[in-house]
file final_8.txt (compact mmCIF, C-alpha atoms and all ligand atoms)
# COMPACT_ATOMS: atom_id res chain seq x y z
CA MET A 1 170.89 10.42 -24.81
CA ILE A 2 167.82 8.18 -24.87
CA GLU A 3 164.45 9.40 -23.57
CA VAL A 4 161.46 7.10 -23.50
CA GLN A 5 158.00 8.31 -22.50
CA ASN A 6 154.93 6.10 -22.23
CA LEU A 7 156.12 3.93 -25.05
CA LEU A 8 153.51 1.36 -26.10
CA LYS A 9 153.65 -1.47 -28.60
CA LYS A 10 150.60 -3.58 -29.20
CA PHE A 11 150.54 -6.75 -31.28
CA GLY A 12 146.80 -7.28 -31.69
CA SER A 13 145.48 -7.23 -28.14
CA LEU A 14 148.89 -8.05 -26.60
CA ARG A 15 150.57 -5.09 -24.93
CA ALA A 16 154.12 -6.33 -25.59
CA VAL A 17 155.55 -3.05 -24.26
CA ASP A 18 153.09 -1.38 -21.95
CA GLU A 19 153.62 2.39 -21.74
CA ILE A 20 157.11 2.31 -20.30
CA SER A 21 159.28 5.34 -19.51
CA PHE A 22 163.00 5.49 -18.83
CA ASN A 23 166.12 7.32 -19.89
CA VAL A 24 169.69 6.42 -20.65
CA LYS A 25 172.35 9.00 -19.86
CA LYS A 26 175.44 9.77 -21.88
CA GLY A 27 178.34 7.46 -21.10
CA GLU A 28 176.32 4.95 -19.19
CA ILE A 29 175.74 1.21 -19.58
CA PHE A 30 172.03 0.74 -19.17
CA GLY A 31 170.51 -2.72 -18.81
CA LEU A 32 167.06 -3.84 -19.79
CA LEU A 33 166.45 -7.09 -17.94
CA GLY A 34 163.68 -9.58 -17.88
CA PRO A 35 162.60 -13.10 -18.76
CA ASN A 36 161.66 -14.41 -22.21
CA GLY A 37 158.79 -12.45 -23.69
CA ALA A 38 159.14 -9.51 -21.27
CA GLY A 39 159.29 -7.03 -24.16
CA LYS A 40 163.00 -6.24 -24.24
CA THR A 41 163.62 -6.84 -27.94
CA THR A 42 160.43 -5.00 -28.87
CA THR A 43 161.60 -2.01 -26.81
CA VAL A 44 165.01 -2.04 -28.49
CA GLY A 45 163.25 -2.46 -31.85
CA MET A 46 161.33 0.77 -31.29
CA LEU A 47 164.46 2.67 -30.24
CA THR A 48 166.39 1.46 -33.27
CA SER A 49 163.53 2.19 -35.72
CA GLU A 50 162.90 -1.45 -36.56
CA VAL A 51 159.52 -1.55 -34.84
CA LYS A 52 156.91 1.19 -35.09
CA PRO A 53 155.58 2.30 -31.69
CA SER A 54 151.78 2.15 -31.21
CA SER A 55 151.98 5.30 -29.08
CA GLY A 56 154.29 7.24 -26.80
CA LYS A 57 157.51 9.00 -27.57
CA ALA A 58 161.17 8.05 -27.82
CA THR A 59 164.16 10.17 -28.72
CA VAL A 60 167.73 9.08 -29.36
CA ASN A 61 170.28 11.92 -29.24
CA ASP A 62 167.26 14.24 -29.32
CA ILE A 63 166.03 12.70 -32.58
CA ASN A 64 162.46 11.44 -32.51
CA VAL A 65 162.52 7.79 -33.60
CA LYS A 66 159.02 7.95 -35.05
CA GLU A 67 159.60 11.09 -37.11
CA ASN A 68 163.19 10.53 -38.17
CA PRO A 69 163.91 6.79 -38.30
CA ILE A 70 166.70 7.10 -40.90
CA LYS A 71 168.52 9.85 -39.03
CA VAL A 72 168.40 7.78 -35.84
CA LYS A 73 170.16 4.87 -37.55
CA LYS A 74 173.26 7.01 -38.17
CA GLU A 75 173.65 7.62 -34.43
CA ILE A 76 173.39 4.02 -33.32
CA GLY A 77 175.07 0.66 -33.74
CA VAL A 78 172.88 -2.38 -33.29
CA ILE A 79 173.93 -5.88 -32.30
CA PRO A 80 170.66 -7.75 -32.78
CA GLN A 81 169.47 -10.78 -30.83
CA HIS A 82 169.00 -12.86 -33.95
CA ARG A 83 172.20 -12.82 -35.94
CA SER A 84 171.73 -11.23 -39.30
CA LEU A 85 174.97 -12.04 -41.08
CA ASP A 86 175.45 -13.25 -44.64
CA ARG A 87 176.78 -16.78 -44.35
CA LYS A 88 178.12 -16.79 -47.90
CA LEU A 89 180.59 -14.00 -47.09
CA SER A 90 183.73 -13.57 -45.04
CA GLY A 91 183.85 -11.50 -41.86
CA ARG A 92 185.43 -8.59 -43.70
CA GLU A 93 182.84 -8.71 -46.48
CA ASN A 94 180.00 -8.71 -43.98
CA ILE A 95 181.37 -5.52 -42.44
CA ARG A 96 181.90 -3.99 -45.89
CA VAL A 97 178.20 -4.43 -46.69
CA MET A 98 177.34 -2.32 -43.66
CA ALA A 99 180.08 0.24 -44.39
CA ASN A 100 178.66 0.68 -47.90
CA ALA A 101 175.14 1.08 -46.57
CA TYR A 102 176.32 3.88 -44.29
CA GLY A 103 178.63 5.51 -46.84
CA VAL A 104 181.56 5.26 -44.42
CA ASN A 105 184.63 7.34 -45.35
CA ASN A 106 188.07 5.75 -45.51
CA LYS A 107 186.33 2.41 -45.67
CA HIS A 108 189.34 0.12 -45.97
CA LYS A 109 191.07 1.56 -42.93
CA ARG A 110 187.91 1.77 -40.89
CA ILE A 111 187.06 -1.89 -41.55
CA ASN A 112 190.55 -2.95 -40.50
CA ASN A 113 190.20 -0.87 -37.36
CA VAL A 114 186.98 -2.49 -36.20
CA LEU A 115 188.25 -5.98 -37.07
CA GLU A 116 191.30 -5.32 -34.95
CA LEU A 117 189.15 -3.90 -32.17
CA VAL A 118 187.33 -7.21 -31.75
CA GLY A 119 190.43 -9.33 -32.39
CA LEU A 120 189.29 -10.83 -35.68
CA GLU A 121 191.97 -9.45 -38.00
CA ASP A 122 193.60 -12.87 -38.49
CA ARG A 123 190.34 -14.56 -39.44
CA ALA A 124 188.77 -11.65 -41.31
CA ASP A 125 188.91 -13.29 -44.71
CA ASP A 126 187.57 -16.69 -43.66
CA ASN A 127 184.04 -17.54 -44.57
CA ILE A 128 181.95 -16.94 -41.47
CA ARG A 129 180.57 -20.47 -41.69
CA HIS A 130 183.87 -21.41 -40.04
CA TYR A 131 183.47 -18.96 -37.16
CA SER A 132 182.60 -20.03 -33.61
CA GLY A 133 179.64 -18.51 -31.76
CA GLY A 134 181.93 -16.13 -29.89
CA MET A 135 183.60 -15.00 -33.11
CA LEU A 136 180.24 -14.35 -34.78
CA GLN A 137 179.20 -12.25 -31.83
CA ARG A 138 182.43 -10.24 -32.02
CA LEU A 139 181.90 -9.78 -35.76
CA LEU A 140 178.44 -8.37 -35.06
CA ILE A 141 180.02 -5.89 -32.67
CA ALA A 142 182.61 -4.87 -35.28
CA ARG A 143 179.88 -4.44 -37.88
CA ALA A 144 177.82 -2.28 -35.55
CA LEU A 145 180.82 -0.01 -34.96
CA VAL A 146 181.92 0.61 -38.53
CA HIS A 147 180.11 3.95 -38.91
CA ASP A 148 181.34 5.11 -35.48
CA PRO A 149 177.99 5.46 -33.71
CA THR A 150 177.69 7.15 -30.32
CA ILE A 151 175.16 4.70 -28.90
CA ILE A 152 175.37 0.91 -29.07
CA PHE A 153 172.43 -1.44 -28.59
CA LEU A 154 173.29 -5.01 -27.68
CA ASP A 155 170.41 -7.47 -27.45
CA GLU A 156 171.37 -10.62 -25.50
CA PRO A 157 175.00 -10.38 -26.61
CA THR A 158 176.19 -13.48 -24.75
CA MET A 159 173.29 -15.83 -25.30
CA GLY A 160 174.54 -19.37 -25.81
CA LEU A 161 178.22 -18.53 -25.35
CA ASP A 162 180.56 -20.44 -23.04
CA PRO A 163 181.92 -18.63 -19.96
CA GLN A 164 185.18 -17.70 -21.66
CA ALA A 165 183.54 -16.26 -24.77
CA ARG A 166 181.03 -14.47 -22.55
CA ARG A 167 183.87 -12.88 -20.59
CA ALA A 168 185.48 -11.72 -23.87
CA ILE A 169 182.24 -9.96 -24.84
CA TRP A 170 181.97 -8.38 -21.37
CA ASP A 171 185.51 -7.03 -21.74
CA LYS A 172 184.60 -5.63 -25.15
CA VAL A 173 181.49 -3.92 -23.81
CA THR A 174 183.46 -2.36 -20.93
CA ASP A 175 186.12 -1.29 -23.38
CA LEU A 176 183.62 0.42 -25.68
CA ASN A 177 182.08 2.18 -22.74
CA GLU A 178 185.50 3.44 -21.67
CA HIS A 179 185.87 4.81 -25.20
CA ASP A 180 182.85 7.06 -24.71
CA LYS A 181 180.13 4.84 -26.12
CA THR A 182 176.78 4.89 -24.41
CA ILE A 183 175.46 1.35 -24.18
CA SER A 184 172.02 -0.12 -23.95
CA LEU A 185 172.16 -3.82 -23.17
CA THR A 186 169.39 -6.35 -22.84
CA THR A 187 169.94 -9.61 -21.06
CA HIS A 188 168.21 -12.20 -18.98
CA TYR A 189 171.46 -13.06 -17.25
CA MET A 190 171.25 -11.14 -13.99
CA GLU A 191 174.90 -11.80 -13.31
CA GLU A 192 175.80 -10.09 -16.59
CA ALA A 193 173.76 -7.02 -15.70
CA ASP A 194 175.36 -6.91 -12.29
CA ALA A 195 178.85 -7.07 -13.78
CA LEU A 196 178.33 -4.47 -16.50
CA CYS A 197 175.47 -2.08 -15.93
CA ASP A 198 175.44 1.30 -14.20
CA ARG A 199 171.66 1.23 -14.03
CA VAL A 200 169.03 -1.32 -14.95
CA ALA A 201 165.31 -1.55 -15.52
CA ILE A 202 163.69 -4.91 -14.85
CA MET A 203 160.86 -5.68 -17.27
CA ASN A 204 158.13 -8.23 -16.87
CA GLU A 205 155.11 -8.68 -19.13
CA GLY A 206 155.73 -5.40 -20.93
CA GLU A 207 156.14 -3.29 -17.81
CA ILE A 208 159.10 -1.99 -15.84
CA VAL A 209 158.74 -3.51 -12.38
CA GLU A 210 161.89 -2.10 -10.79
CA ARG A 211 164.77 0.18 -11.67
CA GLY A 212 167.98 1.52 -10.20
CA SER A 213 171.66 0.64 -10.00
CA PRO A 214 172.41 -3.04 -9.32
CA LYS A 215 173.72 -1.92 -5.93
CA GLU A 216 170.50 -0.07 -5.08
CA LEU A 217 168.35 -2.97 -6.21
CA LYS A 218 170.25 -5.40 -4.05
CA LYS A 219 169.50 -3.14 -1.09
CA SER A 220 165.84 -2.58 -1.98
CA ASP A 221 162.85 -4.10 -0.20
CA ALA A 222 162.69 -6.77 -2.84
CA ALA A 223 166.17 -7.94 -1.91
CA GLU A 224 166.60 -10.51 0.82
CA ASN A 225 169.49 -12.17 2.57
CA VAL A 226 169.59 -15.90 2.60
CA ILE A 227 170.86 -17.34 5.85
CA LYS A 228 172.07 -20.89 5.46
CA LEU A 229 172.37 -23.13 8.51
CA GLU A 230 173.67 -26.66 8.70
CA LEU A 231 172.13 -28.57 11.59
CA ASP A 232 172.26 -32.13 12.85
CA GLY A 233 168.47 -32.21 12.84
CA VAL A 234 165.40 -30.03 12.93
CA ASN A 235 161.99 -30.02 14.62
CA ASP A 236 158.68 -28.25 14.23
CA LYS A 237 159.11 -26.16 17.37
CA VAL A 238 162.38 -24.59 16.19
CA LEU A 239 161.04 -24.07 12.68
CA LYS A 240 157.97 -22.33 14.06
CA GLU A 241 160.07 -20.10 16.32
CA ILE A 242 162.37 -19.11 13.47
CA SER A 243 159.57 -18.37 11.04
CA GLU A 244 157.98 -16.11 13.67
CA ILE A 245 161.09 -13.93 14.07
CA THR A 246 160.38 -10.41 12.80
CA GLY A 247 162.00 -9.95 9.41
CA VAL A 248 161.96 -13.62 8.43
CA THR A 249 159.89 -14.09 5.29
CA LYS A 250 160.39 -17.73 4.44
CA THR A 251 162.12 -20.89 5.63
CA GLU A 252 163.15 -23.86 3.55
CA VAL A 253 164.43 -27.23 4.82
CA LYS A 254 166.69 -29.43 2.74
CA ASP A 255 167.58 -32.94 3.86
CA GLU A 256 171.04 -34.09 3.00
CA LYS A 257 172.18 -37.43 4.41
CA ASP A 258 173.06 -36.78 8.07
CA LEU A 259 172.78 -33.04 7.79
CA ILE A 260 169.82 -30.74 7.58
CA LYS A 261 170.21 -27.56 5.60
CA LEU A 262 167.92 -24.80 6.68
CA LEU A 263 167.53 -21.73 4.48
CA VAL A 264 166.04 -18.66 6.10
CA TYR A 265 165.07 -15.72 3.91
CA SER A 266 165.03 -12.38 5.63
CA GLU A 267 165.08 -8.68 4.98
CA ASN A 268 167.87 -8.13 7.42
CA GLY A 269 170.25 -11.01 7.92
CA ASP A 270 172.46 -9.28 10.46
CA GLU A 271 169.60 -8.60 12.85
CA VAL A 272 167.86 -11.88 12.35
CA SER A 273 170.75 -14.33 12.59
CA PRO A 274 171.50 -13.89 16.35
CA ARG A 275 167.87 -14.61 17.07
CA ILE A 276 167.98 -17.71 14.90
CA LEU A 277 171.06 -18.82 16.79
CA SER A 278 169.48 -18.37 20.20
CA SER A 279 166.41 -20.23 19.04
CA VAL A 280 168.48 -23.20 17.86
CA ASN A 281 170.68 -23.10 20.96
CA SER A 282 167.73 -23.32 23.31
CA SER A 283 166.79 -26.61 21.65
CA ASP A 284 168.87 -29.81 21.60
CA LEU A 285 170.04 -29.18 18.06
CA LYS A 286 173.62 -28.59 17.05
CA ILE A 287 174.73 -26.04 14.45
CA ASN A 288 177.54 -27.05 12.11
CA SER A 289 177.69 -23.81 10.19
CA LEU A 290 175.91 -20.54 9.55
CA ASP A 291 176.41 -18.47 6.47
CA ILE A 292 174.73 -15.27 5.26
CA ARG A 293 174.55 -14.82 1.51
CA GLU A 294 174.12 -11.31 0.15
CA PRO A 295 171.14 -10.92 -2.16
CA THR A 296 171.80 -11.11 -5.89
CA LEU A 297 169.90 -9.36 -8.69
CA GLU A 298 168.36 -12.76 -9.39
CA ASP A 299 166.90 -12.81 -5.84
CA VAL A 300 165.44 -9.34 -6.44
CA PHE A 301 163.86 -10.47 -9.68
CA VAL A 302 162.39 -13.63 -8.17
CA ASN A 303 160.86 -11.58 -5.40
CA LEU A 304 159.34 -9.04 -7.74
CA THR A 305 157.86 -11.45 -10.20
CA GLY A 306 157.61 -14.79 -8.42
CA GLU A 307 159.45 -16.25 -11.37
CA ARG A 308 162.91 -17.60 -11.74
CA LEU A 309 165.06 -16.59 -14.67
CA LYS A 310 167.05 -19.00 -16.72
CA ASN A 311 170.37 -19.85 -15.16
CA GLY A 312 173.15 -17.58 -16.22
N1 LIG B 401 156.12 -9.30 -34.52
C1 LIG B 401 155.40 -9.77 -33.50
N2 LIG B 401 154.11 -10.14 -33.66
C2 LIG B 401 153.38 -10.58 -32.62
N3 LIG B 401 153.85 -10.69 -31.36
C3 LIG B 401 155.12 -10.35 -31.14
C4 LIG B 401 155.98 -9.86 -32.19
N4 LIG B 401 157.19 -9.60 -31.68
C5 LIG B 401 157.11 -9.90 -30.36
N5 LIG B 401 155.87 -10.34 -30.03
C6 LIG B 401 155.41 -10.72 -28.68
O1 LIG B 401 155.68 -9.65 -27.81
C7 LIG B 401 156.13 -10.13 -26.53
C8 LIG B 401 157.46 -9.53 -26.21
O2 LIG B 401 158.46 -10.09 -27.10
P1 LIG B 401 159.98 -9.65 -27.09
O3 LIG B 401 160.65 -10.35 -28.20
O4 LIG B 401 160.06 -8.18 -27.05
O5 LIG B 401 160.46 -10.24 -25.69
P2 LIG B 401 161.95 -10.34 -25.10
O6 LIG B 401 161.90 -9.74 -23.74
O7 LIG B 401 162.93 -9.82 -26.05
O8 LIG B 401 162.12 -11.91 -24.94
P3 LIG B 401 163.42 -12.85 -25.16
O9 LIG B 401 164.15 -12.87 -23.83
O10 LIG B 401 162.83 -14.20 -25.43
O11 LIG B 401 164.22 -12.33 -26.29
C9 LIG B 401 156.12 -11.65 -26.64
O12 LIG B 401 154.92 -12.12 -26.09
C10 LIG B 401 156.18 -11.90 -28.12
O13 LIG B 401 155.56 -13.12 -28.46
MG MG B 402 164.56 -10.59 -26.98

call {"tool": "encode", "arguments": {"input": "final_8.txt", "output": "C-alpha cells", "more": "lines below"}}
Ligand SMILES: Nc1ncnc2c1ncn2[C@@H]1O[C@H](COP(=O)(O)OP(=O)(O)OP(=O)(O)O)[C@@H](O)[C@H]1O
Ligand SMILES: [Mg+2]
result
Amino acid sequence: MIEVQNLLKKFGSLRAVDEISFNVKKGEIFGLLGPNGAGKTTTVGMLTSEVKPSSGKATVNDINVKENPIKVKKEIGVIPQHRSLDRKLSGRENIRVMANAYGVNNKHKRINNVLELVGLEDRADDNIRHYSGGMLQRLLIARALVHDPTIIFLDEPTMGLDPQARRAIWDKVTDLNEHDKTISLTTHYMEEADALCDRVAIMNEGEIVERGSPKELKKSDAAENVIKLELDGVNDKVLKEISEITGVTKTEVKDEKDLIKLLVYSENGDEVSPRILSSVNSSDLKINSLDIREPTLEDVFVNLTGERLKNG
C-alpha cells in the first residue's frame, strides 16, 4: 500500500527526514512515533504530496508521490496536525468544500453519511466556532473520508484532547480500520500507539531507530522490566549487591517517609527478582512489597533515545 525507500527531506542543512525506508501493508494501522521535531509530519507531508522529497522514493497504492502528486490525493484522506478548517462555515459546509474539490458523486448523501459516521449529524449546521476540540477533530475525520479514500493519514489526532474525547477518536480509528481502511497514524503518545497500531516505527532526529509490532518492541533488548520494592530501609552494601546482579542495568532509590522505594531496571525481571530477594533477605532489611512492571513502549523509547516523551 505504502512503500518508502531512502526518503530524504532536507531543510537547508537540516536532514529533517534522513533516508528512511518502511512500508505499510493493506488493512494495517501503522504508527509513526517520536518526540517533537522527529520528522513525523514531514514524512507524512511527503507521502501526501504536501512536501517535496529531496531524494528517495515513495509510492502510495503503487503511485509515485513525486511523479503523480494529484493522483495520490484521490487515494488518501488526510487529517492534518494543524487544523485547516474554515471557521466562518458550519461543519457541513466545511465538508462540502472538500467534496466539491474532489468532485464527489451523490454529494448530499455522502456528506450526510460521513457526518453520521463521526456522530456530528445533530451539530452539522452549527458554525464550527461553537465546536469543542473533540468535535473539530471528528469533523476533520469526516472531511477526510468524503471522497472514500482507501488510505487515511492521521497526524497527532488526539493532541490536546481530554481522555474521553481521545477514546472517541480511538474508537473511530479502530472502526475505520475494521471497514477496510489502511491507516497511517503519527503520535507521540506511546500509549495510543500501543492501543491502536499493528506495527510502529519509532523516529528520532529524522531516523527510524526501532520498528516492529508494539508486542515485539516490548520484548526487544531495548525493553526492560521495572522491579519495584518497598523496604523499611536501604544500605550501600545491598545496593551494590543488587546492582551487580547479572541483568540489572540500573537502580534508583526513592525516599518516602518511613518507606524506601527501590526501583531496579533489568532485562529479565523473572530471573533477577529471586536474586534481589535473597540479597535483601541476607541483610537486616525488611521487604514490604515487590512488584514487577512489564515494559511499556515508553520504556523502549526512553532506552533507545535517552529521552522521555511528553506524558500521554
Ligand atoms: N518548512 C520547514 N522549514 C524548515 N524546517 C522545517 C520545516 N518543516 C519542518 N522543519 C523542521 O524539520 C524537523 C522535523 O519537523 P516535523 O514537523 O516533521 O517533526 P514532527 O515529528 O512532526 O514533530 P511534532 O511532534 O512537533 O509535530 C524539525 O526540526 C522542524 O523544525
Ligand atoms: Mg508533527

call {"tool": "residues_near_ligand", "arguments": {"input": "final_8.txt", "ligand": "ligand MG 402 (chain B)", "cutoff": "8 Å", "atoms": "only C-alpha atoms and all ligand atoms", "output": "number ranges by chain"}}
result
A: 36-42, 81, 155-156, 186

call {"tool": "residues_around", "arguments": {"input": "final_8.txt", "residues": "A:Leu154", "least_positions_apart": "2", "cutoff": "12 Å", "atoms": "only C-alpha atoms", "output": "PDB file with C-alpha atoms, in the frame of the given file"}}
result
ATOM      1  CA  ILE A  29     175.740   1.210 -19.580  1.00  0.00           C
ATOM      2  CA  PHE A  30     172.030   0.740 -19.170  1.00  0.00           C
ATOM      3  CA  GLY A  31     170.510  -2.720 -18.810  1.00  0.00           C
ATOM      4  CA  LEU A  32     167.060  -3.840 -19.790  1.00  0.00           C
ATOM      5  CA  LYS A  40     163.000  -6.240 -24.240  1.00  0.00           C
ATOM      6  CA  THR A  41     163.620  -6.840 -27.940  1.00  0.00           C
ATOM      7  CA  VAL A  44     165.010  -2.040 -28.490  1.00  0.00           C
ATOM      8  CA  GLY A  45     163.250  -2.460 -31.850  1.00  0.00           C
ATOM      9  CA  LEU A  47     164.460   2.670 -30.240  1.00  0.00           C
ATOM     10  CA  THR A  48     166.390   1.460 -33.270  1.00  0.00           C
ATOM     11  CA  ILE A  76     173.390   4.020 -33.320  1.00  0.00           C
ATOM     12  CA  GLY A  77     175.070   0.660 -33.740  1.00  0.00           C
ATOM     13  CA  VAL A  78     172.880  -2.380 -33.290  1.00  0.00           C
ATOM     14  CA  ILE A  79     173.930  -5.880 -32.300  1.00  0.00           C
ATOM     15  CA  PRO A  80     170.660  -7.750 -32.780  1.00  0.00           C
ATOM     16  CA  GLN A  81     169.470 -10.780 -30.830  1.00  0.00           C
ATOM     17  CA  HIS A  82     169.000 -12.860 -33.950  1.00  0.00           C
ATOM     18  CA  ARG A  83     172.200 -12.820 -35.940  1.00  0.00           C
ATOM     19  CA  GLN A 137     179.200 -12.250 -31.830  1.00  0.00           C
ATOM     20  CA  ARG A 138     182.430 -10.240 -32.020  1.00  0.00           C
ATOM     21  CA  LEU A 140     178.440  -8.370 -35.060  1.00  0.00           C
ATOM     22  CA  ILE A 141     180.020  -5.890 -32.670  1.00  0.00           C
ATOM     23  CA  ALA A 144     177.820  -2.280 -35.550  1.00  0.00           C
ATOM     24  CA  LEU A 145     180.820  -0.010 -34.960  1.00  0.00           C
ATOM     25  CA  ILE A 151     175.160   4.700 -28.900  1.00  0.00           C
ATOM     26  CA  ILE A 152     175.370   0.910 -29.070  1.00  0.00           C
ATOM     27  CA  GLU A 156     171.370 -10.620 -25.500  1.00  0.00           C
ATOM     28  CA  PRO A 157     175.000 -10.380 -26.610  1.00  0.00           C
ATOM     29  CA  THR A 158     176.190 -13.480 -24.750  1.00  0.00           C
ATOM     30  CA  MET A 159     173.290 -15.830 -25.300  1.00  0.00           C
ATOM     31  CA  ILE A 169     182.240  -9.960 -24.840  1.00  0.00           C
ATOM     32  CA  TRP A 170     181.970  -8.380 -21.370  1.00  0.00           C
ATOM     33  CA  LYS A 172     184.600  -5.630 -25.150  1.00  0.00           C
ATOM     34  CA  VAL A 173     181.490  -3.920 -23.810  1.00  0.00           C
ATOM     35  CA  LEU A 176     183.620   0.420 -25.680  1.00  0.00           C
ATOM     36  CA  THR A 182     176.780   4.890 -24.410  1.00  0.00           C
ATOM     37  CA  ILE A 183     175.460   1.350 -24.180  1.00  0.00           C
ATOM     38  CA  SER A 184     172.020  -0.120 -23.950  1.00  0.00           C
ATOM     39  CA  LEU A 185     172.160  -3.820 -23.170  1.00  0.00           C
ATOM     40  CA  THR A 186     169.390  -6.350 -22.840  1.00  0.00           C
ATOM     41  CA  THR A 187     169.940  -9.610 -21.060  1.00  0.00           C
TER      42      THR A 187
END

call {"tool": "axis_aligned_box", "arguments": {"input": "final_8.txt", "around": "stretch 69-86 of chain A", "padding_each_side": "5 Å", "output": "JSON"}}
result
{"center_x": 169.7, "center_y": -1.7, "center_z": -37.7, "size_x": 21.5, "size_y": 33.1, "size_z": 23.8}

call {"tool": "closest_residue", "arguments": {"input": "final_8.txt", "among": "A:Val97, A:Val114, A:Ile70, A:Met203", "to": "ligand LIG 401 (chain B)", "atoms": "all atoms listed in the file"}}
result
A:Met203

call {"tool": "atom_distance", "arguments": {"input": "final_8.txt", "atom1": "atom CA of A:Ala142", "atom2": "atom CA of A:Glu93"}}
result
11.8 Å

call {"tool": "residues_near_point", "arguments": {"input": "final_8.txt", "point": "(179.4, -18.4, -30.2)", "cutoff": "12 Å", "atoms": "all atoms listed in the file", "output": "ChimeraX atom specification"}}
result
/A:83,128-140,157-169

call {"tool": "closest_residue", "arguments": {"input": "final_8.txt", "among": "A:Val234, A:Leu33, A:Val253, A:Ile242", "to": "ligand LIG 401 (chain B)", "atoms": "only C-alpha atoms and all ligand atoms"}}
result
A:Leu33

call {"tool": "residues_near_point", "arguments": {"input": "final_8.txt", "point": "(163.9, -13.4, 3.7)", "cutoff": "12 Å", "atoms": "all atoms listed in the file", "output": "number ranges by chain"}}
result
A: 221-228, 242-252, 263-273, 292-295, 299-300, 302-303

call {"tool": "residues_around", "arguments": {"input": "final_8.txt", "residues": "A:Leu259", "least_positions_apart": "5", "cutoff": "7 Å", "atoms": "all atoms listed in the file", "output": "list in words"}}
result
Glu230, Leu231, Asp232 and Gly233 of chain A

call {"tool": "build_atoms", "arguments": {"input": "final_8.txt", "residues": "stretch 63-77 of chain A", "atoms": "N, CA and C atoms", "output": "PDB file, in the frame of the given file"}}
result
ATOM      1  N   ILE A  63     166.736  12.946 -31.323  1.00  0.00           N
ATOM      2  CA  ILE A  63     166.030  12.700 -32.580  1.00  0.00           C
ATOM      3  C   ILE A  63     164.832  11.796 -32.288  1.00  0.00           C
ATOM      4  N   ASN A  64     163.673  12.218 -32.749  1.00  0.00           N
ATOM      5  CA  ASN A  64     162.460  11.440 -32.510  1.00  0.00           C
ATOM      6  C   ASN A  64     162.452  10.208 -33.419  1.00  0.00           C
ATOM      7  N   VAL A  65     162.374   9.026 -32.810  1.00  0.00           N
ATOM      8  CA  VAL A  65     162.520   7.790 -33.600  1.00  0.00           C
ATOM      9  C   VAL A  65     161.344   7.577 -34.566  1.00  0.00           C
ATOM     10  N   LYS A  66     160.193   8.118 -34.190  1.00  0.00           N
ATOM     11  CA  LYS A  66     159.020   7.950 -35.050  1.00  0.00           C
ATOM     12  C   LYS A  66     159.112   8.865 -36.269  1.00  0.00           C
ATOM     13  N   GLU A  67     159.588  10.097 -36.034  1.00  0.00           N
ATOM     14  CA  GLU A  67     159.600  11.090 -37.110  1.00  0.00           C
ATOM     15  C   GLU A  67     160.823  10.979 -38.006  1.00  0.00           C
ATOM     16  N   ASN A  68     161.924  10.514 -37.435  1.00  0.00           N
ATOM     17  CA  ASN A  68     163.190  10.530 -38.170  1.00  0.00           C
ATOM     18  C   ASN A  68     163.948   9.207 -38.104  1.00  0.00           C
ATOM     19  N   PRO A  69     163.294   8.109 -38.482  1.00  0.00           N
ATOM     20  CA  PRO A  69     163.910   6.790 -38.300  1.00  0.00           C
ATOM     21  C   PRO A  69     165.276   6.657 -38.993  1.00  0.00           C
ATOM     22  N   ILE A  70     165.442   7.267 -40.160  1.00  0.00           N
ATOM     23  CA  ILE A  70     166.700   7.100 -40.900  1.00  0.00           C
ATOM     24  C   ILE A  70     167.839   7.834 -40.187  1.00  0.00           C
ATOM     25  N   LYS A  71     167.517   9.043 -39.720  1.00  0.00           N
ATOM     26  CA  LYS A  71     168.520   9.850 -39.030  1.00  0.00           C
ATOM     27  C   LYS A  71     168.995   9.141 -37.743  1.00  0.00           C
ATOM     28  N   VAL A  72     168.055   8.508 -37.071  1.00  0.00           N
ATOM     29  CA  VAL A  72     168.400   7.780 -35.840  1.00  0.00           C
ATOM     30  C   VAL A  72     169.435   6.699 -36.128  1.00  0.00           C
ATOM     31  N   LYS A  73     169.260   5.995 -37.212  1.00  0.00           N
ATOM     32  CA  LYS A  73     170.160   4.870 -37.550  1.00  0.00           C
ATOM     33  C   LYS A  73     171.616   5.286 -37.618  1.00  0.00           C
ATOM     34  N   LYS A  74     171.868   6.534 -38.043  1.00  0.00           N
ATOM     35  CA  LYS A  74     173.260   7.010 -38.170  1.00  0.00           C
ATOM     36  C   LYS A  74     173.937   7.169 -36.801  1.00  0.00           C
ATOM     37  N   GLU A  75     173.111   7.376 -35.776  1.00  0.00           N
ATOM     38  CA  GLU A  75     173.650   7.620 -34.430  1.00  0.00           C
ATOM     39  C   GLU A  75     173.953   6.336 -33.677  1.00  0.00           C
ATOM     40  N   ILE A  76     173.370   5.240 -34.141  1.00  0.00           N
ATOM     41  CA  ILE A  76     173.390   4.020 -33.320  1.00  0.00           C
ATOM     42  C   ILE A  76     174.045   2.846 -34.033  1.00  0.00           C
ATOM     43  N   GLY A  77     174.589   1.944 -33.232  1.00  0.00           N
ATOM     44  CA  GLY A  77     175.070   0.660 -33.740  1.00  0.00           C
ATOM     45  C   GLY A  77     174.242  -0.416 -33.071  1.00  0.00           C
TER      46      GLY A  77
END
